[in-house]
>>> print(open('start39.txt').read())   # compact mmCIF, C-alpha atoms
# COMPACT_ATOMS: atom_id res chain seq x y z
CA MET R 1 278.00 158.43 -153.52
CA HIS R 2 280.11 156.87 -150.82
CA ASP R 3 282.31 155.06 -153.32
CA SER R 4 282.90 158.25 -155.28
CA GLN R 5 283.80 160.04 -152.04
CA ALA R 6 286.31 157.31 -151.21
CA GLN R 7 287.92 157.56 -154.63
CA HIS R 8 287.87 161.34 -154.37
CA TRP R 9 289.78 161.40 -151.07
CA LEU R 10 292.09 158.58 -152.15
CA ALA R 11 293.12 160.50 -155.27
CA ARG R 12 293.65 163.71 -153.32
CA SER R 13 295.67 161.95 -150.64
CA ARG R 14 297.96 160.26 -153.16
CA ALA R 15 298.50 163.58 -154.92
CA ALA R 16 299.22 165.65 -151.81
CA VAL R 17 300.18 163.50 -148.80
CA TRP R 18 303.49 161.73 -148.24
CA HIS R 19 302.42 158.91 -145.94
CA PRO R 20 304.69 157.73 -143.09
CA CYS R 21 306.67 154.50 -142.99
CA THR R 22 305.57 153.80 -146.56
CA GLN R 23 307.08 153.13 -149.96
CA MET R 24 304.50 155.21 -151.79
CA LYS R 25 304.84 153.23 -155.02
CA ARG R 26 303.25 150.25 -153.25
CA HIS R 27 299.99 152.14 -153.22
CA GLU R 28 299.70 151.70 -156.96
CA THR R 29 298.42 148.19 -156.15
CA LEU R 30 297.48 148.42 -152.44
CA PRO R 31 295.02 151.31 -152.11
CA ILE R 32 295.12 153.74 -149.22
CA ILE R 33 291.82 153.54 -147.30
CA PRO R 34 290.15 156.90 -146.63
CA ILE R 35 288.53 156.77 -143.18
CA ALA R 36 285.36 158.81 -142.73
CA ARG R 37 284.71 158.28 -139.01
CA ALA R 38 285.53 156.05 -136.05
CA ASP R 39 283.68 154.82 -133.00
CA GLY R 40 284.77 152.42 -130.28
CA ILE R 41 287.03 149.75 -131.75
CA TRP R 42 285.79 150.46 -135.29
CA LEU R 43 287.15 152.53 -138.15
CA GLN R 44 284.65 153.24 -140.93
CA ASP R 45 285.42 154.13 -144.53
CA PHE R 46 283.31 156.17 -146.96
CA ASP R 47 281.54 153.02 -148.18
CA GLY R 48 280.34 152.33 -144.66
CA ARG R 49 282.71 149.34 -144.39
CA ARG R 50 284.07 148.88 -140.86
CA TYR R 51 287.48 147.68 -139.70
CA ILE R 52 288.49 146.51 -136.24
CA ASP R 53 291.39 148.71 -135.13
CA GLY R 54 293.60 145.80 -134.11
CA VAL R 55 296.70 147.96 -133.64
CA SER R 56 295.13 150.86 -131.71
CA SER R 57 295.98 153.23 -134.57
CA TRP R 58 299.73 152.73 -134.11
CA TRP R 59 299.43 151.83 -130.44
CA VAL R 60 297.94 155.13 -129.26
CA ASN R 61 294.20 154.52 -128.87
CA LEU R 62 293.64 152.99 -125.44
CA PHE R 63 289.91 153.30 -124.83
CA GLY R 64 288.43 153.35 -128.31
CA HIS R 65 287.60 156.09 -130.76
CA ASN R 66 284.99 158.74 -129.99
CA GLN R 67 285.58 158.24 -126.27
CA PRO R 68 282.99 160.39 -124.47
CA ARG R 69 284.99 161.41 -121.38
CA ILE R 70 288.05 162.56 -123.33
CA LYS R 71 285.84 164.37 -125.85
CA GLN R 72 283.99 166.23 -123.12
CA ALA R 73 287.20 167.18 -121.33
CA LEU R 74 288.59 168.66 -124.54
CA LYS R 75 285.37 170.60 -125.16
CA ASP R 76 285.54 172.02 -121.64
CA GLN R 77 289.21 172.93 -122.00
CA LEU R 78 288.50 174.74 -125.29
CA ASP R 79 286.35 177.21 -123.36
CA THR R 80 289.28 178.30 -121.18
CA LEU R 81 292.71 177.80 -122.78
CA GLU R 82 293.89 175.93 -125.87
CA HIS R 83 297.63 176.76 -125.68
CA VAL R 84 300.12 179.16 -124.20
CA ILE R 85 303.90 179.40 -124.45
CA LEU R 86 305.38 177.35 -121.59
CA ALA R 87 308.56 179.44 -121.39
CA GLY R 88 307.83 181.99 -118.68
CA PHE R 89 304.20 180.87 -118.32
CA THR R 90 302.34 177.89 -116.92
CA HIS R 91 298.75 176.62 -116.70
CA GLN R 92 296.52 174.31 -114.70
CA PRO R 93 296.50 171.19 -116.92
CA VAL R 94 300.30 170.97 -117.25
CA VAL R 95 300.80 171.48 -113.51
CA GLU R 96 298.19 168.89 -112.55
CA LEU R 97 299.49 166.35 -115.09
CA SER R 98 303.08 166.78 -113.91
CA GLU R 99 302.02 166.30 -110.29
CA ARG R 100 300.03 163.17 -111.04
CA LEU R 101 302.74 161.58 -113.18
CA ALA R 102 305.30 162.29 -110.46
CA ALA R 103 303.07 160.63 -107.86
CA LEU R 104 302.61 157.58 -110.09
CA THR R 105 306.29 157.13 -111.01
CA GLY R 106 308.31 158.49 -108.09
CA LEU R 107 310.10 160.83 -110.50
CA GLY R 108 310.14 164.59 -110.18
CA HIS R 109 309.92 167.30 -112.79
CA ALA R 110 308.30 166.61 -116.16
CA PHE R 111 309.56 168.00 -119.48
CA TYR R 112 307.15 167.89 -122.44
CA GLY R 113 307.46 167.35 -126.19
CA SER R 114 305.08 166.42 -128.97
CA ASP R 115 305.90 162.80 -129.89
CA GLY R 116 307.94 159.77 -128.90
CA ALA R 117 311.07 160.68 -130.86
CA SER R 118 311.02 164.10 -129.18
CA ALA R 119 310.99 162.38 -125.79
CA THR R 120 313.97 160.24 -126.78
CA GLU R 121 315.91 163.30 -127.93
CA ILE R 122 315.09 165.12 -124.69
CA ALA R 123 316.25 162.23 -122.50
CA LEU R 124 319.48 161.70 -124.44
CA LYS R 125 320.36 165.40 -124.34
CA MET R 126 319.52 165.66 -120.64
CA SER R 127 321.73 162.71 -119.79
CA PHE R 128 324.68 164.03 -121.83
CA HIS R 129 324.25 167.53 -120.37
CA TYR R 130 324.00 166.20 -116.79
CA TRP R 131 327.40 164.56 -117.05
CA ARG R 132 328.84 167.66 -118.72
CA ASN R 133 327.55 169.83 -115.89
CA HIS R 134 329.32 167.46 -113.50
CA GLY R 135 332.59 167.79 -115.38
CA GLN R 136 332.48 164.29 -116.91
CA THR R 137 332.76 165.42 -120.50
CA GLN R 138 333.98 162.00 -121.66
CA LYS R 139 330.49 160.54 -121.21
CA THR R 140 329.21 161.21 -124.72
CA ARG R 141 328.03 157.80 -125.98
CA PHE R 142 324.86 155.82 -125.52
CA LEU R 143 324.09 152.13 -125.16
CA SER R 144 320.95 150.44 -126.47
CA LEU R 145 319.75 146.92 -127.17
CA GLU R 146 320.22 145.26 -130.52
CA HIS R 147 317.02 145.52 -132.59
CA SER R 148 315.98 148.51 -130.47
CA TYR R 149 313.67 151.23 -131.73
CA HIS R 150 313.51 154.68 -130.14
CA GLY R 151 312.33 156.95 -132.94
CA GLU R 152 313.46 158.31 -136.27
CA THR R 153 314.91 161.75 -135.65
CA VAL R 154 318.70 161.84 -135.95
CA GLY R 155 319.47 161.46 -132.24
CA ALA R 156 316.84 158.77 -131.78
CA LEU R 157 318.03 156.87 -134.86
CA ALA R 158 321.49 156.74 -133.34
CA VAL R 159 320.11 154.46 -130.60
CA THR R 160 317.79 152.56 -132.97
CA ASP R 161 318.96 149.25 -134.41
CA VAL R 162 316.45 148.60 -137.18
CA PRO R 163 318.47 148.71 -140.43
CA LEU R 164 315.44 149.52 -142.57
CA PHE R 165 315.17 152.83 -140.72
CA SER R 166 318.77 153.63 -139.85
CA ASP R 167 321.11 152.33 -142.58
CA THR R 168 320.39 155.09 -145.10
CA TYR R 169 321.23 157.76 -142.55
CA ALA R 170 324.29 156.05 -141.04
CA PRO R 171 326.70 158.86 -142.05
CA LEU R 172 324.60 161.32 -140.00
CA LEU R 173 324.46 159.22 -136.84
CA GLN R 174 326.62 159.13 -133.73
CA HIS R 175 328.43 155.82 -133.31
CA ASN R 176 326.98 154.17 -130.24
CA LEU R 177 327.07 150.75 -128.58
CA ARG R 178 324.67 147.79 -128.71
CA ALA R 179 323.99 145.18 -126.04
CA PRO R 180 322.58 141.72 -126.87
CA SER R 181 318.80 141.53 -126.67
CA PRO R 182 317.33 139.38 -123.87
CA ASP R 183 314.80 138.07 -126.44
CA ALA R 184 313.18 135.06 -124.77
CA ARG R 185 312.96 133.27 -128.14
CA ARG R 186 316.71 132.69 -127.81
CA ALA R 187 316.20 130.15 -125.06
CA ALA R 188 318.03 126.90 -125.71
CA PRO R 189 316.23 123.62 -124.97
CA GLY R 190 315.60 123.46 -121.24
CA GLU R 191 316.23 127.17 -120.70
CA THR R 192 313.71 129.71 -119.45
CA ALA R 193 313.21 133.34 -120.41
CA ALA R 194 314.95 134.23 -117.12
CA ASP R 195 318.01 132.22 -118.20
CA VAL R 196 318.20 134.24 -121.42
CA ALA R 197 317.85 137.44 -119.39
CA ARG R 198 320.74 136.45 -117.12
CA ARG R 199 322.94 135.66 -120.10
CA ALA R 200 322.13 138.99 -121.73
CA ALA R 201 322.75 140.80 -118.43
CA ALA R 202 326.21 139.22 -118.21
CA ALA R 203 326.97 140.55 -121.70
CA LEU R 204 325.67 143.96 -120.64
CA GLU R 205 328.02 143.96 -117.67
CA THR R 206 330.99 143.19 -119.93
CA LEU R 207 330.11 146.19 -122.10
CA LEU R 208 329.74 148.46 -119.08
CA GLN R 209 333.07 147.26 -117.66
CA GLN R 210 334.76 148.17 -120.93
CA HIS R 211 332.92 151.36 -121.83
CA GLY R 212 331.08 152.62 -118.75
CA HIS R 213 333.46 155.57 -118.44
CA GLU R 214 332.29 156.93 -121.84
CA ILE R 215 328.61 155.96 -121.70
CA ALA R 216 326.11 158.58 -120.60
CA ALA R 217 323.03 156.35 -120.59
CA PHE R 218 321.59 152.95 -121.44
CA ILE R 219 318.22 153.35 -123.18
CA ILE R 220 315.84 150.40 -123.24
CA GLU R 221 312.27 149.45 -124.17
CA PRO R 222 311.05 147.72 -121.00
CA LEU R 223 309.73 144.16 -121.46
CA VAL R 224 308.72 144.49 -125.13
CA GLN R 225 310.85 145.66 -128.07
CA GLY R 226 308.08 146.79 -130.38
CA ALA R 227 309.51 147.46 -133.85
CA ALA R 228 311.82 144.46 -133.49
CA GLY R 229 308.72 142.29 -133.86
CA MET R 230 307.24 142.44 -130.36
CA VAL R 231 310.33 140.87 -128.79
CA MET R 232 309.45 139.98 -125.19
CA TYR R 233 311.78 139.28 -122.31
CA ASP R 234 311.84 138.53 -118.61
CA PRO R 235 311.59 141.42 -116.10
CA LEU R 236 314.75 140.08 -114.44
CA TYR R 237 316.75 141.81 -117.17
CA LEU R 238 315.38 145.20 -116.16
CA ALA R 239 316.34 144.61 -112.55
CA GLU R 240 319.85 143.62 -113.60
CA ALA R 241 320.12 146.62 -115.92
CA ARG R 242 319.19 148.92 -113.05
CA ARG R 243 321.78 147.33 -110.75
CA LEU R 244 324.53 147.49 -113.37
CA CYS R 245 323.78 151.09 -114.37
CA ASP R 246 324.06 152.08 -110.72
CA GLN R 247 327.31 150.16 -110.36
CA TYR R 248 328.96 151.70 -113.42
CA ARG R 249 327.42 155.17 -113.05
CA VAL R 250 325.39 155.14 -116.24
CA HIS R 251 321.88 156.57 -116.51
CA LEU R 252 319.01 154.21 -117.27
CA ILE R 253 316.45 155.59 -119.72
CA ALA R 254 313.18 153.64 -119.83
CA ASP R 255 311.48 154.20 -123.17
CA GLU R 256 307.88 153.39 -122.25
CA ILE R 257 306.51 155.29 -125.24
CA ALA R 258 304.85 152.15 -126.61
CA VAL R 259 304.51 150.03 -123.46
CA GLY R 260 303.34 152.58 -120.90
CA PHE R 261 299.79 153.20 -119.72
CA GLY R 262 298.75 149.63 -119.08
CA ARG R 263 299.90 148.00 -122.28
CA THR R 264 302.08 145.34 -120.59
CA GLY R 265 299.69 144.58 -117.71
CA THR R 266 300.84 147.25 -115.25
CA LEU R 267 300.48 151.00 -115.60
CA PHE R 268 304.19 151.21 -116.43
CA ALA R 269 306.29 148.22 -117.50
CA CYS R 270 309.12 149.02 -115.08
CA GLU R 271 306.78 148.20 -112.20
CA GLN R 272 307.09 144.50 -113.09
CA ALA R 273 310.79 144.62 -112.20
CA ALA R 274 310.24 146.94 -109.19
CA ILE R 275 312.70 149.48 -110.57
CA ARG R 276 312.74 153.21 -111.19
CA ALA R 277 314.63 154.55 -114.19
CA ASP R 278 316.59 157.80 -114.19
CA PHE R 279 314.51 158.97 -117.15
CA LEU R 280 311.04 157.76 -118.14
CA CYS R 281 309.88 158.55 -121.69
CA LEU R 282 306.12 158.56 -122.32
CA SER R 283 303.95 159.27 -125.36
CA LYS R 284 301.48 157.33 -127.59
CA GLY R 285 298.71 156.28 -125.17
CA ILE R 286 299.27 159.25 -122.86
CA THR R 287 296.32 161.13 -124.41
CA GLY R 288 294.30 158.06 -125.34
CA GLY R 289 295.06 158.67 -129.02
CA TYR R 290 293.51 162.13 -129.15
CA LEU R 291 296.40 164.62 -129.38
CA PRO R 292 300.20 164.52 -129.81
CA LEU R 293 302.05 164.70 -126.48
CA SER R 294 305.19 163.26 -124.98
CA CYS R 295 306.81 163.60 -121.60
CA VAL R 296 310.18 162.87 -119.99
CA LEU R 297 310.19 162.44 -116.22
CA THR R 298 313.46 162.41 -114.33
CA THR R 299 314.93 162.46 -110.84
CA ASP R 300 315.36 165.45 -108.55
CA ASP R 301 319.12 164.87 -108.65
CA ILE R 302 319.22 165.25 -112.44
CA TYR R 303 316.98 168.32 -112.29
CA ALA R 304 319.27 169.90 -109.68
CA ALA R 305 322.30 169.53 -111.96
CA PHE R 306 320.76 172.13 -114.32
CA TYR R 307 319.59 174.58 -111.63
CA ASP R 308 322.20 177.32 -111.69
CA ASP R 309 322.85 181.04 -112.24
CA ASP R 310 324.72 180.13 -115.43
CA VAL R 311 322.19 180.03 -118.30
CA SER R 312 324.36 177.61 -120.30
CA ARG R 313 324.01 175.00 -117.54
CA GLY R 314 320.22 175.04 -117.99
CA PHE R 315 318.32 172.71 -120.29
CA LEU R 316 317.44 175.08 -123.12
CA HIS R 317 315.63 172.54 -125.30
CA SER R 318 312.15 173.60 -126.46
CA HIS R 319 309.19 172.80 -128.71
CA SER R 320 306.52 175.32 -129.72
CA TYR R 321 303.69 173.14 -128.42
CA THR R 322 305.47 172.02 -125.23
CA GLY R 323 302.89 171.27 -122.54
CA ASN R 324 299.91 172.07 -124.77
CA ALA R 325 296.89 172.65 -122.56
CA LEU R 326 294.46 170.60 -124.65
CA ALA R 327 296.83 167.62 -124.82
CA CYS R 328 297.51 167.79 -121.08
CA ARG R 329 293.77 167.84 -120.37
CA ALA R 330 293.32 164.74 -122.50
CA ALA R 331 296.15 163.03 -120.59
CA LEU R 332 294.58 163.94 -117.26
CA THR R 333 291.33 162.37 -118.41
CA VAL R 334 293.19 159.21 -119.42
CA LEU R 335 294.55 158.97 -115.86
CA ASP R 336 291.03 159.56 -114.51
CA ILE R 337 289.71 156.68 -116.61
CA PHE R 338 292.45 154.35 -115.37
CA GLU R 339 291.57 155.20 -111.79
CA ASP R 340 287.78 155.40 -111.96
CA GLU R 341 287.24 152.34 -114.14
CA GLN R 342 289.97 150.12 -112.64
CA VAL R 343 291.41 149.59 -116.10
CA ILE R 344 294.43 147.51 -115.06
CA ALA R 345 292.25 144.93 -113.30
CA ALA R 346 289.76 144.89 -116.19
CA ASN R 347 292.59 144.37 -118.68
CA LEU R 348 293.77 141.28 -116.81
CA ALA R 349 290.38 139.65 -117.40
CA THR R 350 290.28 140.83 -121.03
CA ALA R 351 293.79 139.51 -121.69
CA ALA R 352 292.98 136.12 -120.17
CA LEU R 353 289.85 135.81 -122.34
CA PHE R 354 291.65 136.76 -125.58
CA SER R 355 294.54 134.41 -124.77
CA ARG R 356 292.10 131.50 -124.35
CA HIS R 357 290.58 132.23 -127.74
CA LEU R 358 294.02 132.61 -129.32
CA ALA R 359 295.01 129.08 -128.29
CA GLU R 360 293.89 127.81 -131.69
CA ILE R 361 296.27 130.22 -133.41
CA ALA R 362 299.07 129.25 -131.03
CA ALA R 363 298.48 125.62 -132.06
CA HIS R 364 298.61 126.38 -135.79
CA PRO R 365 301.42 124.35 -137.46
CA ALA R 366 302.99 127.43 -139.07
CA VAL R 367 302.98 129.55 -135.90
CA ARG R 368 306.20 129.96 -133.93
CA HIS R 369 306.85 131.58 -130.56
CA PHE R 370 303.32 132.59 -129.66
CA ARG R 371 303.75 135.17 -126.89
CA GLN R 372 301.77 137.57 -124.77
CA ARG R 373 302.52 140.36 -122.30
CA GLY R 374 299.53 142.21 -120.91
CA MET R 375 297.49 143.56 -123.81
CA ILE R 376 300.05 142.63 -126.48
CA TRP R 377 299.96 139.33 -128.39
CA ALA R 378 302.41 138.24 -131.10
CA PHE R 379 303.57 135.22 -133.05
CA ASP R 380 305.98 134.49 -135.88
CA VAL R 381 304.84 132.74 -139.06
CA ASP R 382 306.92 130.10 -140.83
CA CYS R 383 306.19 131.20 -144.38
CA GLN R 384 308.55 131.48 -147.33
CA ARG R 385 306.64 134.26 -149.07
CA ALA R 386 308.73 137.43 -149.33
CA ASP R 387 305.54 139.49 -149.49
CA PHE R 388 304.01 137.95 -146.37
CA GLY R 389 303.57 141.25 -144.49
CA PRO R 390 301.70 143.30 -147.10
CA ALA R 391 299.78 140.24 -148.31
CA PHE R 392 298.59 139.41 -144.78
CA PHE R 393 297.69 143.06 -144.18
CA SER R 394 295.62 143.15 -147.38
CA LEU R 395 293.78 139.90 -146.61
CA MET R 396 292.93 141.09 -143.12
CA LEU R 397 291.52 144.36 -144.48
CA GLN R 398 289.28 142.35 -146.80
CA GLN R 399 287.86 140.71 -143.68
CA GLY R 400 287.34 143.96 -141.80
CA CYS R 401 290.45 143.90 -139.63
CA LEU R 402 293.35 146.34 -139.39
CA VAL R 403 296.45 144.30 -138.47
CA ARG R 404 299.93 145.32 -139.67
CA PRO R 405 302.59 142.58 -139.41
CA ILE R 406 306.21 143.46 -138.68
CA GLY R 407 308.01 141.29 -141.21
CA LYS R 408 306.66 137.80 -140.56
CA THR R 409 305.55 138.64 -137.04
CA VAL R 410 301.82 139.13 -136.59
CA TYR R 411 300.71 141.04 -133.51
CA PHE R 412 297.51 142.28 -131.92
CA MET R 413 297.53 145.43 -129.81
CA PRO R 414 293.85 146.39 -129.69
CA PRO R 415 292.12 149.10 -127.65
CA TYR R 416 291.35 147.95 -124.12
CA ILE R 417 287.61 147.96 -124.88
CA ILE R 418 287.89 144.89 -127.14
CA GLU R 419 285.01 142.45 -126.69
CA GLU R 420 284.69 138.72 -127.29
CA SER R 421 282.97 139.19 -130.67
CA HIS R 422 285.85 141.38 -131.85
CA MET R 423 288.33 138.76 -130.68
CA ARG R 424 286.56 136.10 -132.68
CA GLN R 425 286.52 138.24 -135.81
CA LEU R 426 290.28 138.87 -135.51
CA ILE R 427 291.02 135.18 -134.93
CA ASP R 428 288.77 133.90 -137.72
CA ALA R 429 290.23 136.44 -140.14
CA THR R 430 293.77 135.50 -139.12
CA LEU R 431 293.17 131.79 -139.62
CA MET R 432 291.65 132.45 -143.04
CA ALA R 433 294.57 134.69 -144.04
CA LEU R 434 297.10 132.09 -142.91
CA THR R 435 295.30 129.39 -144.88
CA GLN R 436 295.40 131.46 -148.05
CA LEU R 437 299.01 132.60 -147.65
CA LEU R 438 300.34 129.17 -146.74
CA ALA R 439 298.62 127.37 -149.59
CA GLY R 440 301.48 125.75 -151.49
CA ASP R 441 303.97 126.92 -148.88
CA ARG R 442 305.72 124.12 -147.01
CA PRO R 443 306.69 125.20 -143.49
CA SER R 444 309.31 123.26 -141.62
CA SER R 445 308.42 121.05 -138.65
CA ARG R 446 307.30 123.06 -135.67
CA PRO R 447 309.88 123.56 -132.88
CA GLU R 448 309.06 124.04 -129.24
CA THR R 449 308.16 127.62 -128.46
CA ALA R 450 310.51 129.53 -126.17
CA LEU R 451 307.79 131.67 -124.67
CA PRO R 452 304.81 130.85 -122.50
>>> encode(input="start39.txt", output="structure tokens")
Amino acid sequence: MHDSQAQHWLARSRAAVWHPCTQMKRHETLPIIPIARADGIWLQDFDGRRYIDGVSSWWVNLFGHNQPRIKQALKDQLDTLEHVILAGFTHQPVVELSERLAALTGLGHAFYGSDGASATEIALKMSFHYWRNHGQTQKTRFLSLEHSYHGETVGALAVTDVPLFSDTYAPLLQHNLRAPSPDARRAAPGETAADVARRAAAALETLLQQHGHEIAAFIIEPLVQGAAGMVMYDPLYLAEARRLCDQYRVHLIADEIAVGFGRTGTLFACEQAAIRADFLCLSKGITGGYLPLSCVLTTDDIYAAFYDDDVSRGFLHSHSYTGNALACRAALTVLDIFEDEQVIAANLATAALFSRHLAEIAAHPAVRHFRQRGMIWAFDVDCQRADFGPAFFSLMLQQGCLVRPIGKTVYFMPPYIIEESHMRQLIDATLMALTQLLAGDRPSSRPETALP
């Protein structure tokens, strides 16, 4: 019965659903897996087969599936208010969430959207409009890092440097500027990640010297560039970026959509450089993986630039589900869990334990640049197979693990509730998959890694 149910939902999904980030033709040979239920770190299909959610369901699920506190909060909220238009109205959850995020970040008013790309669009438009309201209409361009990813709507793609996503739509996109990535893997022999950061900061300053007068904002993924292959860099670069943006009068937008809410070892990644951005973009883990929500926090100075009798000077951007009451209640519960259960401290111990276990993968002869930042682990694989990513993904599924490589970079970004037995299953499955994929492949001699 279960197998027939799985085939039933698989057939219906292929006939009706256009799946994201997918060449659908691939699913002629790599079946879509219909998921029946989920609990804790586990996803379960209609056959009863379980899979460790090693990527937190696209980096959103912080505390596991079927989380009792978030579930109960949503049930309670359903008895009072599910949603109301936020233009001309307000409600308790959105007010309380805005207050708590402001207290945590030192930023003022919060503007809400539904997903990460929406947050990027909001921040870019706010920055452009701020300068326009101040009479600096020449500030119309944006600066981002090479290999950056900030979403896939047209404005967000214009500051994204992942050709697979952006090249097709190039004629639609604004021409912006790119700064060299401070990718710590670029360290020369004898260099540290901080040396790479200083070199990249010097290149950033050159760009700002030349183009600062026309740049509205520099948008950056703090500490980890996710879609680039979990590129990690030294916090020194963030501090330098903040100093240079102040010097050349350019806004700093911190895209913490993927790295916020404890993922890098602090509640927000910018804390590790002791900086405050002009705009902070949040989404993904903000609701613990339960409901779509994004938020842009900004300074009182930027808010004041829109506060005027002239309607056209206001920020007239909107989304139908802006500040949804259910989503805000889920986000408030996420903040409660962080506070009540001392999640940041617990994650430090969890990360140390997983890193110790992962030492045998770091020592594997085909592994390059093993790296870790908080609750994110990644490594590159020296493998000549063009199909490495989908082949690795498929082999891991066969061993009950959901892990989606980015090219030839394998990463783990599990829910924070991961236990030692789950770690061992992920590691054993990874070693088995590497053995199978590298059979007959002849990797080059292993260089020194550039990351700790």
>>> atom_distance(input="start39.txt", atom1="atom CA of R:Gly54", atom2="atom CA of R:Pro34")
17.1 Å
>>> closest_atom_pairs(input="start39.txt", of="stretch 35-154 of chain R", to="stretch 283-307 of chain R", cutoff="7 Å", atoms="all atoms listed in the file", output="JSON lines")
{"residue": "R:Trp59", "atom": "CA", "partner": "R:Lys284", "partner_atom": "CA", "distance": 6.5}
{"residue": "R:Val60", "atom": "CA", "partner": "R:Gly285", "partner_atom": "CA", "distance": 4.3}
{"residue": "R:Asn61", "atom": "CA", "partner": "R:Gly289", "partner_atom": "CA", "distance": 4.2}
{"residue": "R:Leu62", "atom": "CA", "partner": "R:Gly288", "partner_atom": "CA", "distance": 5.1}
{"residue": "R:Phe63", "atom": "CA", "partner": "R:Gly288", "partner_atom": "CA", "distance": 6.5}
{"residue": "R:Leu107", "atom": "CA", "partner": "R:Thr299", "partner_atom": "CA", "distance": 5.1}
{"residue": "R:Gly108", "atom": "CA", "partner": "R:Thr299", "partner_atom": "CA", "distance": 5.3}
{"residue": "R:His109", "atom": "CA", "partner": "R:Leu297", "partner_atom": "CA", "distance": 6.0}
{"residue": "R:Ala110", "atom": "CA", "partner": "R:Leu297", "partner_atom": "CA", "distance": 4.6}
{"residue": "R:Phe111", "atom": "CA", "partner": "R:Val296", "partner_atom": "CA", "distance": 5.2}
{"residue": "R:Tyr112", "atom": "CA", "partner": "R:Cys295", "partner_atom": "CA", "distance": 4.4}
{"residue": "R:Gly113", "atom": "CA", "partner": "R:Ser294", "partner_atom": "CA", "distance": 4.8}
{"residue": "R:Ser114", "atom": "CA", "partner": "R:Leu293", "partner_atom": "CA", "distance": 4.3}
{"residue": "R:Asp115", "atom": "CA", "partner": "R:Ser294", "partner_atom": "CA", "distance": 5.0}
{"residue": "R:Gly116", "atom": "CA", "partner": "R:Ser283", "partner_atom": "CA", "distance": 5.4}
{"residue": "R:Ala119", "atom": "CA", "partner": "R:Val296", "partner_atom": "CA", "distance": 5.9}
{"residue": "R:Ala123", "atom": "CA", "partner": "R:Val296", "partner_atom": "CA", "distance": 6.6}
{"residue": "R:Tyr130", "atom": "CA", "partner": "R:Ala305", "partner_atom": "CA", "distance": 6.1}
{"residue": "R:Asn133", "atom": "CA", "partner": "R:Ala305", "partner_atom": "CA", "distance": 6.6}
>>> closest_residue(input="start39.txt", among="R:Leu164, R:His83, R:Ser127, R:Tyr321", to="R:Thr22", atoms="all atoms listed in the file")
R:Leu164
>>> residues_near_point(input="start39.txt", point="(315.3, 150.5, -122.8)", cutoff="9 Å", atoms="only C-alpha atoms", output="list in words")
Ser144, Leu145, Ser148, His150, Phe218, Ile219, Ile220, Glu221, Pro222, Leu223, Gln225, Leu238, Leu252, Ile253, Ala254, Asp255 and Glu256 of chain R
>>> closest_residue(input="start39.txt", among="R:Asp167, R:Asn176, R:Lys139, R:Asp234", to="R:Asp195", atoms="all atoms listed in the file")
R:Asp234
>>> residues_near_point(input="start39.txt", point="(291.4, 139.0, -121.7)", cutoff="12 Å", atoms="only C-alpha atoms", output="NGL selection string")
:R and (265 or 343-358 or 372-377 or 414-420 or 422-423)
>>> atom_distance(input="start39.txt", atom1="atom CA of R:Glu205", atom2="atom CA of R:Pro235")
16.7 Å
>>> residues_around(input="start39.txt", residues="R:Thr153", least_positions_apart="6", cutoff="9 Å", atoms="only C-alpha atoms", output="ChimeraX atom specification")
/R:117-118,121
>>> closest_residue(input="start39.txt", among="R:Glu240, R:Asp340, R:Glu146, R:Glu96", to="R:Ala179", atoms="only C-alpha atoms")
R:Glu146
>>> atom_distance(input="start39.txt", atom1="atom CA of R:Gln92", atom2="atom CA of R:Ala325")
8.0 Å
>>> closest_residue(input="start39.txt", among="R:Ala73, R:Ala269, R:Leu316, R:Ala201", to="R:Ala87", atoms="all atoms listed in the file")
R:Leu316
>>> closest_residue(input="start39.txt", among="R:Met396, R:Asp336, R:Phe142, R:Leu438", to="R:Val381", atoms="all atoms listed in the file")
R:Leu438
>>> axis_aligned_box(input="start39.txt", around="stretch 191-195 of chain R", padding_each_side="6 Å", output="JSON")
{"center_x": 315.6, "center_y": 130.7, "center_z": -118.9, "size_x": 16.8, "size_y": 19.1, "size_z": 15.6}
>>> residues_around(input="start39.txt", residues="stretch 13-19 of chain R", least_positions_apart="5", cutoff="12 Å", atoms="all atoms listed in the file", output="PyMOL selection string")
chain R and resi 6-8+24-28+30-35
>>> residues_around(input="start39.txt", residues="R:Met432", least_positions_apart="4", cutoff="9 Å", atoms="all atoms listed in the file", output="MDAnalysis selection string")
chainID R and resid 395:396 427:428 436:437
>>> write_last_selection(input="start39.txt", atoms="C-alpha atoms", output="compact mmCIF listing (two decimals), keeping the file's coordinate frame")
# COMPACT_ATOMS: atom_id res chain seq x y z
CA LEU R 395 293.78 139.90 -146.61
CA MET R 396 292.93 141.09 -143.12
CA ILE R 427 291.02 135.18 -134.93
CA ASP R 428 288.77 133.90 -137.72
CA GLN R 436 295.40 131.46 -148.05
CA LEU R 437 299.01 132.60 -147.65
>>> closest_residue(input="start39.txt", among="R:Arg49, R:His364, R:His369, R:Arg329", to="R:Arg69", atoms="all atoms listed in the file")
R:Arg329
